Each structure stands twice: as structure tokens, then as C-alpha cells.
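Engineer: Take a look at the following structure, please.
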Amino acid sequence: MRHEDDQFLEEQLRVITIEVALRAGLLKKCPLHEELFDAQKYDAEAAYKLANYLITNNDPLVEPFNKDRRRLTDIIKNLCYEFSACCPLCEKNSLA
Ligand SMILES: [Zn+2]
């Protein structure tokens with residue numbers, strides 16, 4: 001597999017994982033700024049459950065993971081560290 005293809009797949013898997021996290025309520029989208037943030041810091045339990053459920057049920061959303069649960073839960077774990085606890089733009093406004 002060429003490097004660019006690999007990167008494309010990584011990005012695709014990330015987008016899917018964000019969708020799973022949004023559905024599970026792990027990530028929220030700010031209604032004002034459309035920014036993603038992590039409202040339940042480090043509480044990834046619901047997202048892990050949903051991820052396993054989707055893979056077990058062969059949901060088309062997670063098809064690119066090719067039944068690799070570990071890969072999906074690893075990306076969920078990374079998301080927990082990646083987003084701030086509230087919308088960064090709202091936070092900036094409240095400090096101003
Ligand atoms: Zn906001």
C-alpha cells in the first residue's frame with residue numbers, strides 16, 4: 001500500500017470514529033461555532049460500547065475498519081486527549 005493511500009485510510013477512519021463519538025455523546029458539536037469538543041472528558045465508555053455494537057452488527061459506517069475493534073477503540077482513546085472540554089471559541093469569548 002502506498003503511503004498516501006495509508007494516510008487517506010487513516011483520515012477516513014478518523015472521520016468515522018468522530019461520527020461514532022458524536023453518536024455516543026462523547027464528542028459534542030457547539031451549536032454556535034460548529035466546533036467539536038469533548039463534553040465528557042475521558043468518559044469513553046459509551047463510545048467503546050457503541051463501537052463494539054456497530055462492529056458486531058456489521059454496520060456499514062464502520063466497514064472500513066474491517067472488524068478491527070482494537071483500531072477503532074484506539075482512535076476513540078486518542079480523541080479523548082485531542083479535544084478540549086468545551087468549545088475553544090466559546091471559551092475564548094468567555095475570557096474576553
Ligand atoms: Zn462555541
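Chains: A, B, ... in order of the C-alpha cells. Residues: from 1 per chain. Ligands: from 1, in order shown.
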Need the shell around segment 42-46 of chain A: protein/DNA/RNA residues with any atom at most 10 Å away, counting only C-alpha atoms. Skip same-chain ones fewer than 2 positions apart. Format as a list in words?
Structural biologist: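 Selected residues are Val20, Ala21, Arg23, Ala24, Gly25, Leu26, Leu27, Asp38, Ala39, Gln40, Tyr48, Lys49, Leu50, Ala51, Asn52, Thr73, Ile76, Lys77, Asn78, Leu79, Cys80, Tyr81 and Ala85 of chain A.
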Engineer: Could you report the residues within 7 Å of ligand 1, using only C-alpha atoms and all ligand atoms, as a list in words?
Structural biologist: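 These are the residues that qualify: Cys30, Pro31, Leu32, His33, Glu34, Glu35, Cys87, Pro88, Leu89 and Cys90 of chain A.
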Engineer: I need the residue nearest Ile16 of chain A from this list: A:Glu63, A:Glu82, A:Asp68, A:Asp74. Use only C-alpha atoms for the distance.
Structural biologist: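 Among the listed residues, the smallest separation from Ile16 of chain A belongs to A:Glu63.
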Engineer: Could you please write out, as a PyMOL selection string, every residue of chain A that DSSP assigns to strand (DSSP E or B)?
Structural biologist: chain A and resi 27-29+36-38
Engineer: Could you please determine the separation between atom CA of Ala47 of chain A and atom CA of Glu4 of chain A in Å, to one decimal place?
Structural biologist: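 Spanning atom CA of Ala47 of chain A to atom CA of Glu4 of chain A is a straight-line distance of 28.5 Å.
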Engineer: Give me, please, the distance in Å between atom CA of Ser84 of chain A and atom CA of Lys41 of chain A, quoted to one decimal.
Structural biologist: 8.2 Å
Engineer: Mind giving me the straight-line distance from atom CA of Leu36 of chain A to atom CA of Asn57 of chain A in Å, one decimal?
Structural biologist: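 Those two atoms sit 27.0 Å apart.
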Engineer: If you run DSSP on this backbone, which residues of chain A come out as helix (DSSP H, G or I), and could you give them as a ChimeraX atom specification?
Structural biologist: /A:3-24,45-56,60-65,69-82,88-95
Engineer: Store the residues picked out above, limited to C-alpha atoms, as a PDB file, in the first residue's frame.
Structural biologist:
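Produced file part_20.pdb, reproduced below:
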```
ATOM      1  CA  HIS A   3       1.930   5.907   1.806  1.00  0.00           C
ATOM      2  CA  GLU A   4      -0.736   8.326   0.509  1.00  0.00           C
ATOM      3  CA  ASP A   5      -3.343   5.568   0.478  1.00  0.00           C
ATOM      4  CA  ASP A   6      -2.430   4.751   4.033  1.00  0.00           C
ATOM      5  CA  GLN A   7      -2.870   8.370   5.033  1.00  0.00           C
ATOM      6  CA  PHE A   8      -6.196   8.530   3.240  1.00  0.00           C
ATOM      7  CA  LEU A   9      -7.413   5.470   5.132  1.00  0.00           C
ATOM      8  CA  GLU A  10      -6.203   6.919   8.443  1.00  0.00           C
ATOM      9  CA  GLU A  11      -8.149  10.106   7.763  1.00  0.00           C
ATOM     10  CA  GLN A  12     -11.236   8.125   6.753  1.00  0.00           C
ATOM     11  CA  LEU A  13     -11.058   6.030   9.941  1.00  0.00           C
ATOM     12  CA  ARG A  14     -10.690   9.202  11.999  1.00  0.00           C
ATOM     13  CA  VAL A  15     -13.791  10.786  10.437  1.00  0.00           C
ATOM     14  CA  ILE A  16     -15.779   7.603  11.148  1.00  0.00           C
ATOM     15  CA  THR A  17     -14.538   7.499  14.729  1.00  0.00           C
ATOM     16  CA  ILE A  18     -15.596  11.111  15.252  1.00  0.00           C
ATOM     17  CA  GLU A  19     -19.066  10.170  13.955  1.00  0.00           C
ATOM     18  CA  VAL A  20     -19.214   7.263  16.426  1.00  0.00           C
ATOM     19  CA  ALA A  21     -18.082   9.581  19.236  1.00  0.00           C
ATOM     20  CA  LEU A  22     -20.745  12.135  18.298  1.00  0.00           C
ATOM     21  CA  ARG A  23     -23.463   9.457  18.278  1.00  0.00           C
ATOM     22  CA  ALA A  24     -22.316   8.129  21.640  1.00  0.00           C
ATOM     23  CA  GLU A  45     -17.269   4.029  27.891  1.00  0.00           C
ATOM     24  CA  ALA A  46     -20.407   4.788  25.836  1.00  0.00           C
ATOM     25  CA  ALA A  47     -18.322   5.281  22.716  1.00  0.00           C
ATOM     26  CA  TYR A  48     -16.495   1.952  23.233  1.00  0.00           C
ATOM     27  CA  LYS A  49     -19.839   0.197  23.680  1.00  0.00           C
ATOM     28  CA  LEU A  50     -21.282   1.770  20.560  1.00  0.00           C
ATOM     29  CA  ALA A  51     -18.098   0.946  18.615  1.00  0.00           C
ATOM     30  CA  ASN A  52     -18.334  -2.723  19.608  1.00  0.00           C
ATOM     31  CA  TYR A  53     -22.043  -2.791  18.835  1.00  0.00           C
ATOM     32  CA  LEU A  54     -21.503  -1.337  15.347  1.00  0.00           C
ATOM     33  CA  ILE A  55     -18.705  -3.788  14.535  1.00  0.00           C
ATOM     34  CA  THR A  56     -20.663  -6.775  15.875  1.00  0.00           C
ATOM     35  CA  PRO A  60     -21.733  -0.009   7.105  1.00  0.00           C
ATOM     36  CA  LEU A  61     -20.433   3.029   8.999  1.00  0.00           C
ATOM     37  CA  VAL A  62     -17.522   1.047  10.447  1.00  0.00           C
ATOM     38  CA  GLU A  63     -16.897  -1.165   7.402  1.00  0.00           C
ATOM     39  CA  PRO A  64     -13.505   0.455   6.585  1.00  0.00           C
ATOM     40  CA  PHE A  65     -12.236  -0.829   9.955  1.00  0.00           C
ATOM     41  CA  ARG A  69     -12.194  -3.342  17.134  1.00  0.00           C
ATOM     42  CA  ARG A  70      -8.834  -2.509  18.629  1.00  0.00           C
ATOM     43  CA  ARG A  71      -8.083   0.070  15.964  1.00  0.00           C
ATOM     44  CA  LEU A  72     -11.455   1.763  16.470  1.00  0.00           C
ATOM     45  CA  THR A  73     -11.180   1.880  20.263  1.00  0.00           C
ATOM     46  CA  ASP A  74      -7.571   3.139  19.993  1.00  0.00           C
ATOM     47  CA  ILE A  75      -8.692   6.092  17.876  1.00  0.00           C
ATOM     48  CA  ILE A  76     -11.538   6.790  20.345  1.00  0.00           C
ATOM     49  CA  LYS A  77      -8.954   6.864  23.123  1.00  0.00           C
ATOM     50  CA  ASN A  78      -6.858   9.370  21.172  1.00  0.00           C
ATOM     51  CA  LEU A  79      -9.892  11.593  20.585  1.00  0.00           C
ATOM     52  CA  CYS A  80     -10.288  11.950  24.349  1.00  0.00           C
ATOM     53  CA  TYR A  81      -6.916  13.697  24.537  1.00  0.00           C
ATOM     54  CA  GLU A  82      -7.349  15.691  21.379  1.00  0.00           C
ATOM     55  CA  PRO A  88     -12.474  26.556  22.185  1.00  0.00           C
ATOM     56  CA  LEU A  89     -14.249  29.548  20.632  1.00  0.00           C
ATOM     57  CA  CYS A  90     -16.860  29.809  23.422  1.00  0.00           C
ATOM     58  CA  GLU A  91     -14.032  29.559  25.920  1.00  0.00           C
ATOM     59  CA  LYS A  92     -12.184  32.395  24.219  1.00  0.00           C
ATOM     60  CA  ASN A  93     -15.312  34.587  24.249  1.00  0.00           C
ATOM     61  CA  SER A  94     -15.971  33.962  27.920  1.00  0.00           C
ATOM     62  CA  LEU A  95     -12.406  35.002  28.766  1.00  0.00           C
TER      63      LEU A  95
END
```
